[in-house]
Structure formats: C-alpha cells, structure tokens
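This report refers to the structure that appears directly beneath it.
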There are 2 protein chains.
Amino acid sequence: MKLQDLGEFGLIERIAGRIQPGDGVVLGIGDDAAALETSPGRLILLTSDMLLEGVHFDLAWTDPESLGWKSLAVNLSDIAAMGAKPRHFLLSLALPPTLSLDFVDRFIQGMLTLAKRHRISLVGGDTCASRSGLVISLTLLGEQLPAKVIRRAGARPGDRVYVTGTLGDAALGLELLRRGEREGEAIRRQLAPEPRVAAGLALTEAGLPTAMIDVSDGLLADLGHIAERSGVGARLELESLPLSPCYRERAPAVAADPWHLALAGGEDYELLFTAPPGQEKAIAALLQGFGTPVTAIGTITTERWIAVLDADGRVYPAPNPGYDHFA
Amino acid sequence: MKLQDLGEFGLIERIAGRIQPGDGVVLGIGDDAAALETSPGRLILLTSDMLLEGVHFDLAWTDPESLGWKSLAVNLSDIAAMGAKPRHFLLSLALPPTLSLDFVDRFIQGMLTLAKRHRISLVGGDTCASRSGLVISLTLLGEQLPAKVIRRAGARPGDRVYVTGTLGDAALGLELLRRGEREGEAIRRQLAPEPRVAAGLALTEAGLPTAMIDVSDGLLADLGHIAERSGVGARLELESLPLSPCYRERAPAVAADPWHLALAGGEDYELLFTAPPGQEKAIAALLQGFGTPVTAIGTITTERWIAVLDADGRVYPAPNPGYDHFA
C-alpha cells in the first residue's frame, strides 16, 4: 500500500494503533493537543504544527511578518480548541542559505508580536540549513485543570453546533492570492489568522462546550472529527453558515458552488463547538464580551453521518470534506 | 548581513536577544533543553530537534529503523544532558509522496523500539506531504526537580572534565559511509547512537556534575558551550581522549590529523560534564553500574579559551571546532 492510498488520517490511525498508552497520558494522538498529567491536578497540553514552503505557504505572496504570525497562530488555535491557556513554545527552523537575515528578523518579529499579545514566550528550538525550502516546526505548550479541558469527544445528540466568526474566508483568500490579488479581508484571513484563544478559554471556564475543535481542515472535515470521536452525527443548516460580506461578494465568482469554500475550505481557525440546547443566548452574551461573533449552525444527531440541509430542508450535495495531504 | 556571515549560533543569539523572559521560564534558549516551572517544585524540560533529508541523513545509507531510532535518540540525549527523566514526545513528519508505507512503518518501529526501552510514549504531532525531501521534527518532554537539573553554566575552575564512551566514532562512521562502506562499529555509532539517559540521571541524582552537555556539535564546540555559559576556559589532555579500537585503526587513514574527528567530529551523543576534583573514582564506580565507560580528559581553568595539550604539555593546533549549519 502507498501513502496516498492510506491518506493522512489513515496514517495517523496506523501510527496511533501501534502505541502503548503511557504513564500520565490523559489524551494521546487524536485531539487538537495531547494532554499530560505531569503533576496531580494539572494538565500540560502539547501541540505541534509543521509548515513547509511550497506546501503550506508560498513566499511569492506571504510577507515574513505574516508567516511568523501564522506559524504561531495555528498552534495557538489548537490550544484554544482544548479550552487551555497557552504558555511557552519551541521553534525549529530549517533555513535556505539564500534567505536574507532581514527575512528572518521580520519573521521572528511577526511571531513575537503575536506571542506578546498572548503573553507566551519562545523558550527554545532548533535551527539548521535547508537544501530545499524553508521549514517551520513549532511546538506550543498550554495548561488547564483536568476537569476543564474540552475534547473532540463529548458531543451528545441534541447538542447545538456553534462556530465563531465567519467561514470560508481563508480558502477564498488563498484562491484570490493564486489569481494574483495581494490585498483585502479574505487574503488577510489567509495570511495572518487570529486564533480564538480568549474565546476558547472563556467558553471553557463557563463550562459550556461539550466538544470543541478548531476549523483547520474545513467545517465538514472538522465537524466530522468531533462526530467520529463522539460517536454521533450532525445536521447542518446551510443557510445558517456565517459568511462575511467579502465572501458573499467574491465566493460565487471563485467557486462553481458558492457554499463550497465555507463547507470544505480550511484554515479559518475559528472555534467549532457543541453545547447543550438552550445555551444560545448565554454563549452569544459571553463571546460578545470578547468581540467574537458566534452562530448556531446545526444540531448533533444519533446518525453516524453529517447531513447538510438547505433552506427547504432538502439534503444539499456537500463537497468532499477537507484536505488530505496524501490524497 | 547574510545568514552565513552570522552563523548558526549568531542567529540563535540574535533571536534570544529579542525575547522577554516569560513567567515560569527557568531556562530559555541556550541550554540542551528549556526548563519550565509549570507547577511549584517541578520542572518540565522541553527539547526539539529537526532532521532533514540531504542535511542530517541520506536515505542511500540509512535504513528506516535506524533513522527512526536516531531521530528520537538525539532528543533523548538532550534530556539526558540536563540530568532529567524523559517522558513524552511529539513527532512531526513531512513525507515525500514517493515514500513507501513500508518505509514509514519501519521508521516508526525503530523509533518505538527506543521509546519502549526508555518507557516514554508518543503522544501527538503532525503529518503532511513534502514536495522535497523527508523532514522529521521531534519534541521531547522530560521532568526533574528544580534543584537537580544540570545546566551548561556551573563549571568552576579546578573542576575536572569528563566524557562518557569514546569520541569521534560517529564522524568516522559518516566518512566511511561516504566512501561506500555500509557496516561496522563506527557506522553503527553514526546511524543509531545510544543516548546516555541512565548515566545522565544517575550522575545527577548523585549530585556529581557541575555542568553537563551532550557531544552533538563535537568535543571542542560543546566544551566551548560549557565554557562560555560558565564564564571559564579549559585545558584538554590530548592523550587522555577516549578512542575506540575501530577509531584507532581507521581514523588515521580517513583524516590527515588522527585527532581531528575526536576533537571536532559531531554526533557522538556522549555526555560531557564537569565535576569537582577528587570525584574521579566515585564517578567511575557509579557509571560502571550502567556499563558506561567514563574518562577524565581535562581541567576547567580561569582562562577564557580551550587549550589542547599533547603528551609533552605543548599546545596542540586544534581544528576549527564543530559544525555550523550556515557557515
């Protein structure tokens, strides 16, 4: 069998299947971050993301500050999706010898600007020369009390499904970049996403989410991860999906199906979570305090699939969910 | 200025200089691992290493099991050099689509064999496709009590300098691989190094080392790191350097200077440490229990340089220390 037959998630399952659960491992492979009980009553959350030139970013259209910002932001988003507080991070860089020192300075500057905003610090890592492109690998450590951490597992039939912000903008931005545009709201969302750290913590401290994940692979794929881990399904209300003015204006010209990027586009780094029915007002009020819009977009079901329903209650032919690196 | 003018260590200093020390950061950039006080009285040690195809390894001569083993071993060696106990690790992999699943399986197998030996567990990470070579990034977490952790800083004038095992074998092995050889002790040391985890912990529990590092950049470079952090210098006794029978037999034919690889060759992953005078017998007896040879090779001085003296007490013209990724 080849990697492309197995797929990214198949490979992860294959590796996970060969691991003996270790001492103090509360959550291993299969959530936004690993959770380790290194001292009684206290969890360390650990997450890693690797970004490769030519795969995750293109130096033709990202500025170094945004790249540094985004490299940290995608990890902050994972910690936010656990309802944890980010603390420290390690940065490993493989740098092509042709890269200017000015680029590296500005990259670090973008990263440290976001780090300062979240009061976290760079504590170590690794540097080496790369013979091909730039490689960025970042590991972020967070903290939370064991009883408070929000997993992907935990969604129950009847729970409402919520998402912060708007969907599809980052994927739209990528498409616009490919078409030669360099400015605008969607492009800003693609290049320098704003992780929902304060919102994730506030929801968790209020004990509201039953399951949570960040939208990195795309709405359908990430809701699929919650559904799979929770042993449930979901019904999504197409007309409820939160779309930005920019998306409404530009998406129809970019994709044949105007809902496609909102349903299957990745990298929005919004929080996708479930909560018991009747909490809609409490959730909206709580997140309003952080200037974070939130929308109820569906309901958890006992079925084992995700159905997307249009305004007339008919099943909408949903696109293939998400992005598989090896497919 | 260009990266190659600044050099690898210049770049690290440059980044470190822009960081505000964070809450709970006991040791940031500049030691074998970062030390974080996440709960009172308990330190988390964190280290990352990135390995790139074509830079750190060559698939023409490494088997997948050894590559998986070595990727974890180099991180274990960093935790060993802090005198800490390794616990959990994250693995990020960027895989070329042409790589076979069999390769990945054997790579994971090699890594998990070493993990099992040290009772540590893989808890998460990231996977993606690579458009160029294979990239491996590993982050290892360890634990130790704050009072026990051994830093690079701490060596005092008069302390003796010790090293475990033998020196130069891994660099010799690399040279033999380049010349087409595929078997033998030196090649085994290069492809699948044995990190000195138990020895590092035992020395630390006994309170013996004043400073410690692992030999990854080469003896002179790594002793240089201890000297710089401790604000001291050292005198090395050339004839005391521990050399393997294989090294004695093969090194003279490989390098013009038979001492070169022992002094400046990297990747031995032995422990290099300093201890107060008069502890030589206690150290040898302690490490004998782990089957780990140890040799006193010099003395810490108040001078700010490292002098290498030959059998007649004359200064030996030492090679340029270590490996700089950007030089």
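Going by the structure tokens order, chains are called A, B, ..., each with residues numbered from 1, while ligands are numbered from 1 in the order shown.
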
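Contact shell of Pro195 in chain B at 7 Å (only C-alpha atoms; same-chain neighbours under 6 positions omitted): Ala73, Leu76, Ser77 and Tyr269 of chain B.
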
Please return, as an mmCIF file with C-alpha atoms, in the first residue's frame, all residues of range 64-222 of chain B that DSSP assigns to alpha helix (DSSP H) on the basis of the backbone.
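What ended up in result-v7.cif:
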data_model
loop_
_atom_site.group_PDB
_atom_site.id
_atom_site.type_symbol
_atom_site.label_atom_id
_atom_site.label_comp_id
_atom_site.auth_asym_id
_atom_site.auth_seq_id
_atom_site.Cartn_x
_atom_site.Cartn_y
_atom_site.Cartn_z
ATOM 1 C CA PRO B 64 14.399 3.351 8.147
ATOM 2 C CA GLU B 65 14.619 1.667 11.583
ATOM 3 C CA SER B 66 17.907 3.430 12.362
ATOM 4 C CA LEU B 67 16.525 6.756 11.165
ATOM 5 C CA GLY B 68 13.513 6.454 13.476
ATOM 6 C CA TRP B 69 15.799 5.401 16.318
ATOM 7 C CA LYS B 70 18.243 8.268 15.755
ATOM 8 C CA SER B 71 15.503 10.925 15.475
ATOM 9 C CA LEU B 72 14.403 10.084 18.999
ATOM 10 C CA ALA B 73 17.929 9.345 20.299
ATOM 11 C CA VAL B 74 19.245 12.854 19.598
ATOM 12 C CA ASN B 75 16.400 14.334 21.650
ATOM 13 C CA LEU B 76 16.840 11.783 24.461
ATOM 14 C CA SER B 77 20.492 12.803 24.568
ATOM 15 C CA ASP B 78 19.497 16.448 25.203
ATOM 16 C CA ILE B 79 17.229 15.451 28.088
ATOM 17 C CA ALA B 80 19.996 13.159 29.443
ATOM 18 C CA ALA B 81 22.385 16.125 29.379
ATOM 19 C CA LEU B 101 4.317 2.828 3.584
ATOM 20 C CA ASP B 102 6.788 0.062 4.442
ATOM 21 C CA PHE B 103 9.456 2.728 4.985
ATOM 22 C CA VAL B 104 7.150 4.667 7.325
ATOM 23 C CA ASP B 105 6.216 1.513 9.250
ATOM 24 C CA ARG B 106 9.862 0.572 9.761
ATOM 25 C CA PHE B 107 10.782 4.149 10.686
ATOM 26 C CA ILE B 108 8.059 4.185 13.377
ATOM 27 C CA GLN B 109 9.143 0.715 14.514
ATOM 28 C CA GLY B 110 12.727 1.875 15.077
ATOM 29 C CA MET B 111 11.533 4.914 16.978
ATOM 30 C CA LEU B 112 9.086 2.967 19.167
ATOM 31 C CA THR B 113 11.733 0.347 19.988
ATOM 32 C CA LEU B 114 13.901 3.054 21.553
ATOM 33 C CA ALA B 115 10.836 4.707 23.156
ATOM 34 C CA LYS B 116 9.857 1.437 24.816
ATOM 35 C CA ARG B 117 13.370 0.954 26.148
ATOM 36 C CA ASP B 169 33.317 7.325 16.079
ATOM 37 C CA ALA B 170 30.143 8.851 14.643
ATOM 38 C CA ALA B 171 32.101 11.289 12.458
ATOM 39 C CA LEU B 172 34.364 8.440 11.339
ATOM 40 C CA GLY B 173 31.266 6.395 10.520
ATOM 41 C CA LEU B 174 29.872 9.208 8.372
ATOM 42 C CA GLU B 175 33.138 9.422 6.462
ATOM 43 C CA LEU B 176 33.190 5.636 5.910
ATOM 44 C CA LEU B 177 29.570 5.758 4.665
ATOM 45 C CA ARG B 178 30.582 8.483 2.192
ATOM 46 C CA GLU B 185 31.109 -0.232 14.686
ATOM 47 C CA ALA B 186 31.720 3.387 13.586
ATOM 48 C CA ILE B 187 28.861 3.255 11.088
ATOM 49 C CA ARG B 188 26.564 1.834 13.770
ATOM 50 C CA ARG B 189 27.512 4.776 16.037
ATOM 51 C CA GLN B 190 26.634 7.213 13.223
ATOM 52 C CA LEU B 191 23.320 5.630 12.249
ATOM 53 C CA VAL B 197 19.921 8.571 29.606
ATOM 54 C CA ALA B 198 20.517 6.319 32.624
ATOM 55 C CA ALA B 199 24.062 7.618 33.103
ATOM 56 C CA GLY B 200 22.890 11.251 32.970
ATOM 57 C CA LEU B 201 20.174 10.623 35.521
ATOM 58 C CA ALA B 202 22.465 8.647 37.852
ATOM 59 C CA LEU B 203 25.162 11.335 37.820
ATOM 60 C CA THR B 204 22.533 13.962 38.546
ATOM 61 C CA GLU B 205 20.829 12.026 41.348
ATOM 62 C CA LEU B 219 34.026 17.920 21.703
ATOM 63 C CA LEU B 220 35.663 21.350 21.238
ATOM 64 C CA ALA B 221 32.413 23.073 20.261
ATOM 65 C CA ASP B 222 30.405 21.515 23.086
#

Next item on the list: Find the residue from B:Ala275, B:Leu11, B:Cys128, B:Leu241 that sits nearest to chain A; use only C-alpha atoms when measuring.
Entry: B:Cys128

Closest atom pairs, chain A residues within 6 Å of chain B, only C-alpha atoms, as CSV:
residue,atom,partner,partner_atom,distance
A:Lys2,CA,B:Leu101,CA,5.4
A:Leu3,CA,B:Leu101,CA,5.6
A:Gly22,CA,B:Ser121,CA,5.3
A:Gly28,CA,B:Val123,CA,4.3
A:Ile29,CA,B:Gly124,CA,4.6
A:Ala34,CA,B:Val123,CA,5.9
A:Ser48,CA,B:Gly125,CA,5.2
A:Asp49,CA,B:Asp126,CA,5.7
A:Ser100,CA,B:Lys2,CA,5.7
A:Leu101,CA,B:Lys2,CA,5.4
A:Ser121,CA,B:Gly22,CA,5.3
A:Val123,CA,B:Gly28,CA,4.3
A:Gly124,CA,B:Ile29,CA,4.6
A:Gly125,CA,B:Ser48,CA,5.2
A:Asp126,CA,B:Asp49,CA,5.7
A:Cys128,CA,B:His325,CA,5.4
A:Ala129,CA,B:His325,CA,5.4
A:His325,CA,B:Ala129,CA,5.3

Go ahead and dump the residues you just picked, N, CA and C atoms, as a compact mmCIF listing (two decimals), in the first residue's frame.
# COMPACT_ATOMS: atom_id res chain seq x y z
N LYS A 2 0.37 2.29 -0.64
CA LYS A 2 1.11 3.53 -0.71
C LYS A 2 0.50 4.57 0.24
N LEU A 3 1.27 5.60 0.54
CA LEU A 3 0.79 6.66 1.42
C LEU A 3 -0.49 7.29 0.90
N GLY A 22 0.92 5.65 27.57
CA GLY A 22 1.99 5.88 28.53
C GLY A 22 1.46 6.41 29.85
N GLY A 28 -3.83 11.15 24.11
CA GLY A 28 -2.70 10.96 23.20
C GLY A 28 -3.05 11.47 21.81
N ILE A 29 -2.64 10.73 20.79
CA ILE A 29 -2.92 11.11 19.41
C ILE A 29 -4.43 11.15 19.18
N ALA A 34 -2.16 17.01 22.77
CA ALA A 34 -2.01 15.94 23.75
C ALA A 34 -2.19 16.54 25.14
N SER A 48 1.86 20.42 18.08
CA SER A 48 2.91 20.74 17.11
C SER A 48 2.29 20.95 15.74
N ASP A 49 2.81 21.92 14.98
CA ASP A 49 2.43 22.06 13.59
C ASP A 49 3.67 22.36 12.78
N SER A 100 17.44 35.94 3.32
CA SER A 100 18.15 37.07 3.91
C SER A 100 17.90 37.12 5.41
N LEU A 101 18.86 37.72 6.11
CA LEU A 101 18.71 37.91 7.55
C LEU A 101 17.52 38.82 7.85
N SER A 121 5.94 32.80 25.73
CA SER A 121 7.34 33.06 25.39
C SER A 121 7.99 31.91 24.64
N VAL A 123 10.95 29.57 24.14
CA VAL A 123 11.92 29.08 25.12
C VAL A 123 13.01 28.19 24.53
N GLY A 124 12.93 27.87 23.24
CA GLY A 124 13.97 27.02 22.68
C GLY A 124 13.60 26.54 21.29
N GLY A 125 14.33 25.54 20.81
CA GLY A 125 14.06 25.00 19.48
C GLY A 125 15.33 24.53 18.80
N ASP A 126 15.37 24.68 17.50
CA ASP A 126 16.49 24.16 16.72
C ASP A 126 16.61 25.00 15.45
N CYS A 128 18.70 24.96 11.53
CA CYS A 128 19.64 24.30 10.64
C CYS A 128 19.44 24.86 9.24
N ALA A 129 20.37 24.54 8.35
CA ALA A 129 20.26 24.97 6.96
C ALA A 129 19.39 23.97 6.21
N HIS A 325 -3.46 15.51 2.98
CA HIS A 325 -2.14 15.78 2.44
C HIS A 325 -1.63 14.72 1.46

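Nearest residue to Arg248 in chain A, choosing from A:Leu167, A:Gly218, A:Glu194, A:Val294 and counting only C-alpha atoms: A:Leu167.
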
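Distance check against Glu237 in chain A using only C-alpha atoms: of A:Leu145, A:Ile306, A:Ala153, A:Ala84, the minimum falls on A:Ile306.
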
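Between Thr274 in chain A and the candidates A:Ala211, A:Ala262, A:Ile297, A:Ala251, the tightest atom-to-atom separation, counting only C-alpha atoms, involves A:Ala211.
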
Check: CA of Arg151 in chain B and CA of Glu270 in chain B, how far apart in Å?
Finding: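 Value for the CA of Glu270 in chain B-CA of Arg151 in chain B distance: 15.8 Å.
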
Next item on the list: Go ahead and compute the interatomic distance for CA of Arg156 in chain B and CA of Ala227 in chain B, in Å to one decimal.
Entry: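 Computing it gives 9.3 Å between the two atoms.
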